[in-house]
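> Handing over work04.txt, compact mmCIF, C-alpha atoms.
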# COMPACT_ATOMS: atom_id res chain seq x y z
CA MET A 1 106.79 145.50 243.55
CA LEU A 2 107.31 143.73 240.24
CA ALA A 3 106.78 146.94 238.26
CA SER A 4 109.81 148.64 239.83
CA ALA A 5 112.05 145.67 240.64
CA ALA A 6 115.62 146.08 239.43
CA PRO A 7 116.85 143.40 237.01
CA GLY A 8 119.36 140.85 238.23
CA PRO A 9 119.58 137.37 239.74
CA GLU A 10 116.85 138.03 242.30
CA LEU A 11 114.34 139.26 239.74
CA GLY A 12 115.24 136.36 237.46
CA ALA A 13 114.37 133.90 240.23
CA VAL A 14 111.04 135.63 240.90
CA LEU A 15 110.07 135.69 237.24
CA ALA A 16 111.02 132.05 236.75
CA GLY A 17 108.50 131.11 239.43
CA ILE A 18 105.52 132.98 237.95
CA ASP A 19 103.00 130.93 235.99
CA THR A 20 101.56 133.48 233.56
CA ALA A 21 98.66 131.14 232.77
CA ALA A 22 97.47 131.51 236.36
CA VAL A 23 97.47 135.34 236.63
CA ASN A 24 95.36 138.04 235.01
CA GLY A 25 96.23 140.28 232.10
CA HIS A 26 97.43 143.15 234.27
CA VAL A 27 99.99 140.96 236.01
CA ARG A 28 101.07 139.46 232.69
CA VAL A 29 101.88 142.94 231.39
CA LEU A 30 104.03 143.59 234.48
CA VAL A 31 105.77 140.24 234.03
CA MET A 32 106.42 140.94 230.37
CA ALA A 33 107.96 144.35 231.13
CA ALA A 34 110.05 142.82 233.91
CA TRP A 35 111.35 140.14 231.57
CA GLU A 36 112.40 142.84 229.10
CA ARG A 37 114.36 144.59 231.86
CA GLN A 38 115.91 141.24 232.70
CA VAL A 39 116.87 140.68 229.05
CA SER A 40 118.54 144.11 228.98
CA TRP A 41 120.51 143.30 232.12
CA ALA A 42 121.56 139.89 230.77
CA SER A 43 122.59 141.45 227.45
CA ALA A 44 124.74 144.04 229.20
CA ARG A 45 126.50 141.23 231.05
CA LEU A 46 126.89 139.24 227.82
CA TYR A 47 128.63 142.11 226.01
CA GLU A 48 130.81 142.79 229.04
CA VAL A 49 131.99 139.19 228.97
CA MET A 50 132.41 139.36 225.19
CA ALA A 51 134.68 142.38 225.60
CA HIS A 52 136.71 140.45 228.19
CA VAL A 53 137.02 137.50 225.80
CA ALA A 54 138.25 139.90 223.11
CA ARG A 55 140.93 141.21 225.50
CA SER A 56 142.07 137.79 226.69
CA PRO A 57 145.62 136.95 225.56
CA ALA A 58 144.55 133.32 225.15
CA CYS A 59 141.41 131.27 225.73
CA GLU A 60 142.91 127.94 226.74
CA PRO A 61 141.91 125.97 229.87
CA ASP A 62 145.14 126.91 231.64
CA SER A 63 145.34 130.55 230.44
CA PRO A 64 145.97 133.27 233.06
CA PRO A 65 143.10 135.66 233.95
CA GLU A 66 144.95 138.81 232.87
CA LEU A 67 143.38 141.09 230.27
CA ASP A 68 145.14 142.87 227.44
CA ARG A 69 144.58 146.57 226.99
CA CYS A 70 143.12 146.17 223.49
CA PHE A 71 140.97 143.64 221.67
CA GLY A 72 143.05 140.78 220.36
CA GLU A 73 143.75 139.97 216.72
CA PHE A 74 141.78 136.72 216.83
CA ALA A 75 138.91 137.95 219.00
CA SER A 76 136.42 137.70 216.15
CA ALA A 77 137.36 134.07 215.45
CA GLU A 78 137.10 133.18 219.14
CA VAL A 79 133.68 134.79 219.57
CA GLY A 80 132.41 133.40 216.28
CA ALA A 81 133.46 129.84 217.14
CA ALA A 82 131.94 129.97 220.63
CA LEU A 83 128.62 131.49 219.52
CA CYS A 84 128.35 129.84 216.08
CA MET A 85 128.54 133.16 214.22
CA SER A 86 129.93 134.04 210.82
CA PRO A 87 133.04 136.29 210.86
CA GLY A 88 130.94 139.26 209.79
CA SER A 89 128.35 138.73 212.51
CA ALA A 90 131.07 138.24 215.13
CA ASP A 91 132.72 141.48 214.04
CA ARG A 92 129.44 143.38 214.38
CA GLU A 93 128.81 141.96 217.85
CA LEU A 94 132.35 142.78 218.95
CA SER A 95 131.97 146.31 217.64
CA PHE A 96 128.83 146.73 219.75
CA ALA A 97 130.61 145.25 222.78
CA PHE A 98 133.44 147.75 222.29
CA GLU A 99 131.05 150.70 222.04
CA LEU A 100 129.24 149.68 225.23
CA THR A 101 132.32 148.95 227.32
CA GLU A 102 134.75 151.57 226.04
CA ARG A 103 132.83 154.56 224.63
CA LEU A 104 129.28 154.67 225.95
CA PRO A 105 129.27 154.25 229.75
CA LEU A 106 125.86 155.89 230.20
CA THR A 107 124.26 153.61 227.61
CA ARG A 108 125.85 150.58 229.25
CA ALA A 109 124.56 151.67 232.67
CA ALA A 110 121.05 152.24 231.30
CA LEU A 111 121.07 148.80 229.66
CA THR A 112 122.32 147.13 232.83
CA ALA A 113 119.58 148.85 234.85
CA GLY A 114 116.95 147.74 232.35
CA ARG A 115 115.99 151.32 231.46
CA ILE A 116 116.53 150.79 227.73
CA SER A 117 116.21 147.79 225.45
CA VAL A 118 119.06 146.13 223.57
CA GLY A 119 117.64 147.57 220.35
CA LYS A 120 117.82 151.12 221.66
CA ALA A 121 121.35 150.59 222.99
CA ARG A 122 122.42 149.27 219.59
CA SER A 123 120.87 152.28 217.85
CA ILE A 124 122.74 154.68 220.14
CA ALA A 125 125.98 152.83 219.40
CA ASP A 126 125.37 152.83 215.64
CA GLU A 127 124.43 156.51 215.43
CA THR A 128 127.40 157.71 217.50
CA SER A 129 130.11 155.22 216.48
CA TRP A 130 131.99 157.70 214.28
CA LEU A 131 131.84 160.66 216.68
CA ALA A 132 134.80 161.66 218.81
CA PRO A 133 134.47 160.14 222.32
CA GLU A 134 133.59 163.43 224.00
CA LEU A 135 130.87 164.19 221.43
CA ALA A 136 129.52 160.64 221.68
CA GLY A 137 129.19 161.21 225.42
CA VAL A 138 127.20 164.39 224.87
CA ALA A 139 124.93 162.63 222.37
CA GLU A 140 124.20 159.63 224.59
CA ALA A 141 123.51 161.85 227.60
CA PHE A 142 121.07 163.89 225.53
CA ILE A 143 119.11 160.95 224.14
CA LEU A 144 119.01 158.99 227.39
CA ALA A 145 117.58 162.04 229.14
CA ALA A 146 114.95 162.34 226.39
CA ASP A 147 114.08 158.64 226.66
CA ALA A 148 113.67 158.88 230.43
CA GLY A 149 110.36 160.75 230.08
CA ALA A 150 107.08 159.37 231.34
CA SER A 151 106.22 157.65 228.07
CA GLY A 152 109.74 157.12 226.74
CA LEU A 153 110.56 156.97 223.06
CA THR A 154 110.09 154.32 220.44
CA ARG A 155 113.26 153.15 218.76
CA ALA A 156 112.39 155.13 215.61
CA GLN A 157 111.78 158.29 217.65
CA LEU A 158 115.05 157.79 219.48
CA VAL A 159 116.99 157.45 216.22
CA ARG A 160 115.30 160.51 214.72
CA ARG A 161 116.15 162.74 217.69
CA LEU A 162 119.64 161.35 218.00
CA ARG A 163 120.46 161.99 214.34
CA ARG A 164 119.39 165.60 214.70
CA LYS A 165 121.61 165.96 217.77
CA VAL A 166 124.55 164.40 215.95
CA CYS A 167 124.03 166.87 213.07
CA GLU A 168 124.18 169.72 215.57
CA LEU A 169 127.28 168.37 217.34
CA ASP A 170 129.37 167.68 214.25
CA PRO A 171 127.84 169.03 211.01
CA ASP A 172 131.15 168.89 209.14
CA GLY A 173 131.63 165.27 210.13
CA VAL A 174 128.09 164.39 209.08
CA GLU A 175 128.64 165.94 205.68
CA ALA A 176 132.01 164.25 205.17
CA ARG A 177 130.49 160.92 206.15
CA ARG A 178 127.59 161.43 203.74
CA LYS A 179 129.92 162.10 200.83
CA GLU A 180 132.11 159.12 201.67
CA ALA A 181 129.16 156.76 202.07
CA GLN A 182 127.64 157.95 198.81
CA GLN A 183 130.68 156.66 196.95
CA GLY A 184 129.57 153.16 197.90
CA ARG A 185 126.04 153.50 196.48
CA ARG A 186 124.67 150.28 195.10
CA VAL A 187 121.54 148.28 194.32
CA ARG A 188 120.83 144.83 195.67
CA PHE A 189 118.35 142.28 194.40
CA GLY A 190 116.97 139.35 196.36
CA ALA A 191 114.13 136.91 196.89
CA GLY A 192 111.91 136.63 199.95
CA VAL A 193 110.88 133.44 201.72
CA ASP A 194 107.32 133.92 200.46
CA GLY A 195 108.31 133.94 196.79
CA THR A 196 108.43 137.72 196.40
CA GLY A 197 111.34 139.86 195.24
CA THR A 198 113.29 142.68 196.87
CA ILE A 199 115.13 145.60 195.27
CA GLU A 200 117.13 147.78 197.63
CA GLY A 201 119.14 150.90 196.85
CA ARG A 202 121.74 151.79 199.49
CA ASP A 203 123.74 154.96 200.16
CA LEU A 204 121.98 156.86 197.36
CA PRO A 205 122.17 160.67 197.03
CA LEU A 206 119.49 162.06 199.32
CA ALA A 207 118.38 164.68 196.80
CA GLY A 208 117.66 162.04 194.18
CA THR A 209 115.99 159.78 196.74
CA ALA A 210 113.69 162.56 197.92
CA ALA A 211 112.78 163.49 194.33
CA ALA A 212 112.06 159.83 193.51
CA ARG A 213 109.79 159.57 196.55
CA VAL A 214 107.78 162.60 195.45
CA PHE A 215 107.59 161.30 191.87
CA ILE A 216 106.34 157.83 192.83
CA LYS A 217 103.81 159.08 195.35
CA ALA A 218 102.43 161.70 192.96
CA ALA A 219 102.15 159.19 190.11
CA ALA A 220 100.47 156.64 192.38
CA LYS A 221 97.93 159.18 193.66
CA ARG A 222 96.99 160.18 190.12
CA ILE A 223 96.54 156.55 189.05
CA ARG A 224 94.48 155.83 192.15
CA ALA A 225 92.31 158.90 191.51
CA GLY A 226 91.58 157.51 188.06
CA GLY A 227 89.66 154.63 189.59
CA ASP A 228 92.38 152.01 190.00
CA VAL A 229 91.28 149.30 192.43
CA ARG A 230 94.73 148.59 193.87
CA THR A 231 95.71 150.04 197.23
CA LEU A 232 97.90 153.11 197.16
CA ALA A 233 100.82 151.11 198.54
CA GLN A 234 100.42 148.52 195.79
CA ILE A 235 100.30 151.21 193.11
CA GLU A 236 103.46 152.85 194.48
CA ALA A 237 105.26 149.50 194.36
CA ASP A 238 104.05 148.82 190.83
CA VAL A 239 105.02 152.32 189.62
CA TYR A 240 108.48 151.77 191.09
CA LEU A 241 108.87 148.43 189.33
CA ASP A 242 107.42 149.77 186.05
CA LEU A 243 109.96 152.57 185.95
CA LEU A 244 112.86 150.23 186.66
CA ARG A 245 111.70 147.93 183.85
CA GLY A 246 111.36 150.78 181.34
CA ARG A 247 107.57 150.70 181.30
CA HIS A 248 105.22 153.63 181.64
CA PRO A 249 103.05 153.27 184.78
CA ALA A 250 100.26 155.42 183.35
CA THR A 251 99.64 153.09 180.40
CA ALA A 252 100.85 149.64 181.51
CA GLU A 253 98.09 147.04 181.51
CA ARG A 254 97.97 144.60 184.42
CA ASP A 255 96.89 141.10 185.17
CA ASP A 256 94.61 141.25 188.21
CA ASP A 257 96.10 138.08 189.69
CA THR A 258 99.79 138.88 189.32
CA ALA A 259 99.87 142.68 188.86
CA THR A 260 102.52 142.07 186.20
CA PRO A 261 102.94 145.03 183.83
CA THR A 262 102.22 144.16 180.20
CA GLY A 263 102.17 147.61 178.64
CA SER A 264 104.51 148.97 175.99
CA ASP A 265 108.14 149.56 176.81
CA ILE A 266 109.79 152.95 177.03
CA PRO A 267 112.86 153.22 174.76
CA ALA A 268 115.99 152.62 176.80
CA GLN A 269 118.25 155.07 174.98
CA GLY A 270 117.70 158.70 174.18
CA GLU A 271 113.88 158.74 174.25
CA GLY A 272 113.14 157.54 177.79
CA PRO A 273 112.87 159.57 180.98
CA PRO A 274 116.01 161.51 181.90
CA ALA A 275 117.48 160.92 185.36
CA THR A 276 116.73 163.58 187.93
CA GLY A 277 118.47 164.24 191.23
CA ASN A 278 117.05 167.67 191.93
CA ALA A 279 114.09 168.43 194.12
CA ALA A 280 112.25 170.58 191.56
CA PRO A 281 112.57 169.62 187.87
CA SER A 282 111.26 172.17 185.38
CA THR A 283 108.50 171.45 182.86
CA SER A 284 108.76 172.32 179.20
CA GLY A 285 105.32 170.96 178.27
CA GLY A 286 106.34 170.73 174.59
CA ASP A 287 105.30 167.96 172.25
CA GLU A 288 108.91 167.25 171.48
CA ALA A 289 109.28 165.66 174.93
CA ALA A 290 106.67 162.98 174.22
CA ASP A 291 107.64 159.35 173.89
CA PRO A 292 107.37 158.19 170.24
CA THR A 293 105.48 155.10 171.50
CA GLY A 294 102.55 157.34 172.43
CA ASN A 295 103.17 157.30 176.17
CA PRO A 296 103.21 160.68 177.93
CA PRO A 297 106.68 161.75 179.16
CA LEU A 298 107.56 160.76 182.69
CA CYS A 299 109.38 163.96 183.53
CA ASP A 300 111.27 166.82 181.96
CA ASP A 301 114.85 167.94 182.31
CA PRO A 302 115.97 168.69 185.85
CA ALA A 303 116.36 172.29 186.83
CA PRO A 304 119.82 173.83 186.40
CA GLY A 305 122.14 173.05 189.27
CA GLY A 306 120.54 169.73 190.18
CA ASP A 307 122.74 166.65 190.13
CA ALA A 308 122.58 163.18 191.52
CA GLY A 309 125.72 163.77 193.50
CA GLY A 310 124.01 166.23 195.79
CA ALA A 311 125.75 169.50 194.92
CA GLY A 312 124.65 172.64 196.71
CA GLY A 313 123.14 173.22 200.14
CA TRP A 314 121.08 170.64 202.03
CA GLY A 315 122.77 167.74 200.24
CA GLY A 316 121.66 168.97 196.83
CA LEU A 317 118.05 169.79 197.78
CA GLY A 318 116.49 173.08 196.80
CA ARG A 319 114.77 175.44 199.21
CA ASP A 320 111.16 174.73 198.24
CA THR A 321 109.81 174.05 201.68
CA GLU A 322 106.31 172.61 201.45
CA VAL A 323 104.95 169.28 200.26
CA ASP A 324 101.46 169.05 198.82
CA LEU A 325 101.03 166.09 196.52
CA ASP A 326 97.25 166.58 196.45
CA ASP A 327 97.23 170.17 195.19
CA PRO A 328 98.33 170.41 191.53
CA GLY A 329 98.55 174.19 191.54
CA ASP A 330 101.41 175.14 193.85
CA GLY A 331 104.52 174.23 191.91
CA GLY A 332 107.21 171.69 192.71
CA ASP A 333 108.06 168.47 190.88
CA ARG A 334 105.98 168.25 187.70
CA VAL A 335 105.36 165.10 185.73
CA GLU A 336 103.31 165.11 182.55
CA ALA A 337 100.83 162.23 182.64
CA GLY A 338 97.95 162.21 180.17
CA ASP A 339 95.92 165.41 180.38
CA GLU A 340 97.23 166.40 183.82
CA GLN A 341 100.42 167.33 185.56
CA LEU A 342 101.63 165.46 188.61
CA VAL A 343 102.83 167.94 191.17
CA GLY A 344 104.69 167.43 194.41
CA ARG A 345 106.95 169.53 196.57
CA ILE A 346 109.59 168.40 199.01
CA GLU A 347 109.13 169.71 202.55
CA LEU A 348 112.37 170.99 204.05
CA VAL A 349 112.00 172.76 207.39
CA ALA A 350 114.71 174.78 209.12
CA ASP A 351 114.77 177.75 211.47
CA LEU A 352 114.96 181.27 210.09
CA GLN A 353 118.50 181.88 211.30
CA THR A 354 119.73 178.96 209.23
CA TRP A 355 117.85 180.08 206.09
CA LEU A 356 119.45 183.52 206.47
CA GLY A 357 122.89 181.96 206.76
CA LEU A 358 123.43 183.20 210.31
CA GLU A 359 123.39 179.72 211.85
CA SER A 360 124.20 176.23 210.61
CA ARG A 361 121.60 174.08 212.31
CA ALA A 362 120.14 170.87 210.97
CA GLY A 363 116.94 170.99 208.95
CA GLU A 364 114.17 168.41 208.76
CA LEU A 365 113.40 166.71 205.46
CA ALA A 366 109.90 165.24 205.42
CA GLY A 367 110.02 161.47 205.34
CA PHE A 368 113.77 161.29 205.95
CA GLY A 369 114.72 163.21 209.09
CA ALA A 370 117.59 165.56 209.88
CA VAL A 371 119.86 166.96 207.14
CA THR A 372 122.75 169.39 207.32
CA PRO A 373 122.67 172.75 205.51
CA ARG A 374 125.84 171.94 203.55
Please lay out the structure from this file as structure tokens.

Amino acid sequence: MLASAAPGPELGAVLAGIDTAAVNGHVRVLVMAAWERQVSWASARLYEVMAHVARSPACEPDSPPELDRCFGEFASAEVGAALCMSPGSADRELSFAFELTERLPLTRAALTAGRISVGKARSIADETSWLAPELAGVAEAFILAADAGASGLTRAQLVRRLRRKVCELDPDGVEARRKEAQQGRRVRFGAGVDGTGTIEGRDLPLAGTAAARVFIKAAAKRIRAGGDVRTLAQIEADVYLDLLRGRHPATAERDDDTATPTGSDIPAQGEGPPATGNAAPSTSGGDEAADPTGNPPLCDDPAPGGDAGGAGGWGGLGRDTEVDLDDPGDGGDRVEAGDEQLVGRIELVADLQTWLGLESRAGELAGFGAVTPR
């Protein structure tokens, strides 16, 4: 049966002989799934050979077949030249080959058997690459068992569950890695092939990122409720860009064709919105906080103890546990905008034992996934 055929040379020969234009849709689905299993099998073989190339003492026509114990110094150059890859791409591929062949035997076996896709195997390797070998083995066994269910997991679901497991296996390592990665925070700017632009912040403090998400979504919902014809996603993008350009999203005028903000600028020094990295900024509500240009203030001073570096438990997040951006009466992040307040709360879920300090299990931050209670 094609639906259960194991990947390999025999299945490849069968699939090569099937004319998908001559069969019905049901058979085409079976053929498609079989080809994916075949791709997984071929990829497992590719990375096995790549690891052997990396361990070859030389790659000359008359070189002996012996393998070195470790990857060679020039393995990246050899792989890059053979596969037309840049040094960085060759390094990434070699790293994946190493994970599969040296650290993740269960993932390699599942890939070879066609039970998981290359994308899932790469996600398992990425999420466990910094764990000690024995912990990586526990993590891969856990996630492969979860993915073996009747419906399996999407790649996003797999990553979400695996991150929570990694937090449980090594919470101290997760926290140390977070702090180290945060030191490399940066912003990148680029242009898309369709003439659009991209702004990407990487390795940002999670507390500040979560607060920014609440802020933008709350502001966009208020603008949308005021009768704006843009989609909510468009408004969120425009609010984001307005804030980065020093413009007030509540008052910026727009060209319908380009959605380019043309409203008044917010002063860059001293009178603009203060930075906030805490989940629940306080609200003074005083006139002294207003922008001299006439724009309402974007936000008030962050609550004591909040900082962009993520001090305190849960990576700097407070313990307000529910999100309700639609209900302006239950507290949370407050943003003065015209005659109303924008209100949002960050949802952080953890079991009772962890809240009481009796356990140290990972929590779940809405929109972001697992976080450690550090």
> So how many Å separate atom CA of Arg28 of chain A and atom CA of Val159 of chain A, to one decimal?
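Separating atom CA of Arg28 of chain A from atom CA of Val159 of chain A is a distance of 29.1 Å.
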> Could you give me, as a list in words, the residues within 9 Å of Gly190 of chain A, counting all atoms listed in the file and dropping anything in the same chain fewer than 4 positions from it?
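That gives Thr196, Gly197, Thr198, Ile199 and Glu200 of chain A.
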> Put those residues in a file: C-alpha atoms, as a tab-separated table (two decimals), keeping the file's coordinate frame.

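The file below, result_38.tsv, is the result:
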chain	number	residue	atom	x	y	z
A	196	THR	CA	108.43	137.72	196.40
A	197	GLY	CA	111.34	139.86	195.24
A	198	THR	CA	113.29	142.68	196.87
A	199	ILE	CA	115.13	145.60	195.27
A	200	GLU	CA	117.13	147.78	197.63
> Point out the residue among A:Ser63, A:Ser40, A:Ser123, A:Ser56 with the least atom-to-atom distance to Glu78 of chain A, counting all atoms listed in the file.
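Distance minimum relative to Glu78 of chain A lands on A:Ser56.
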> Please provide the set of residues having any atom within 9 Å of segment 176-178 of chain A, restricted to only C-alpha atoms, with same-chain residues fewer than 3 positions apart removed, written as a list in words.
Trp130, Pro171, Asp172, Gly173, Ala181, Gln182, Gln183, Asp203, Pro205 and Gly315 of chain A
> Segment 87-103 of chain A: which residues within 6 Å, counting only C-alpha atoms, same-chain residues fewer than 5 positions away excluded, as a list in words?
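After dropping sequence-adjacent residues, the list is Tyr47, Ala51, Ser76, Gly80 and Arg108 of chain A.
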> If you count all atoms listed in the file, which residues fall within 12 Å of Ile18 of chain A, apart from same-chain ones fewer than 4 positions away, as a PyMOL selection string?
chain A and resi 2+11-14+22-24+27-28+30-32+34-35
> Would you mind telling me which residue in A:Ala225, A:Ala362, A:Val174, A:Ala6 lies nearest to Val39 of chain A when using only C-alpha atoms?
A:Ala6
> Place a sphere of radius 8 Å on (121.3, 156.8, 198.4) in the file coordinates and name every protein, DNA or RNA residue with an atom inside or on its surface, counting all atoms listed in the file; give the answer as a PyMOL selection string.
chain A and resi 182+185+201-206+208-209
> Hey, can you check how far atom CA of Ile235 of chain A sits from atom CA of Ala210 of chain A?
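Distance reported for this atom pair: 18.2 Å.
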> So how far away is atom CA of Arg163 of chain A from atom CA of Glu127 of chain A, in Å?
6.9 Å
> Looking at all atoms listed in the file, which of A:Lys221, A:Arg45, A:Arg188, A:His248 is the one that sits closest to Ala233 of chain A?
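Smallest distance to Ala233 of chain A is found for A:Lys221.
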> Give me the residues within 12 Å of Ala110 of chain A as a PyMOL selection string, counting all atoms listed in the file and dropping any in the same chain fewer than 3 places off.
chain A and resi 6-7+37+40-41+43-44+100+104-107+113-118+120-121+124+140-141+143-145+147-148
> Box for segment 190-201 of chain A: with edges along x, y and z, all listed atoms inside and 3 Å added on each side, what are the centre and edge lengths in Å to one decimal, as lines of an AutoDock Vina configuration file?

center_x = 113.2
center_y = 142.2
center_z = 198.5
size_x = 17.8
size_y = 23.5
size_z = 12.5
> Counting only C-alpha atoms, figure out which residue out of A:Ile223, A:Leu352, A:Val79, A:Ala156 gets nearest to Cys59 of chain A.
A:Val79
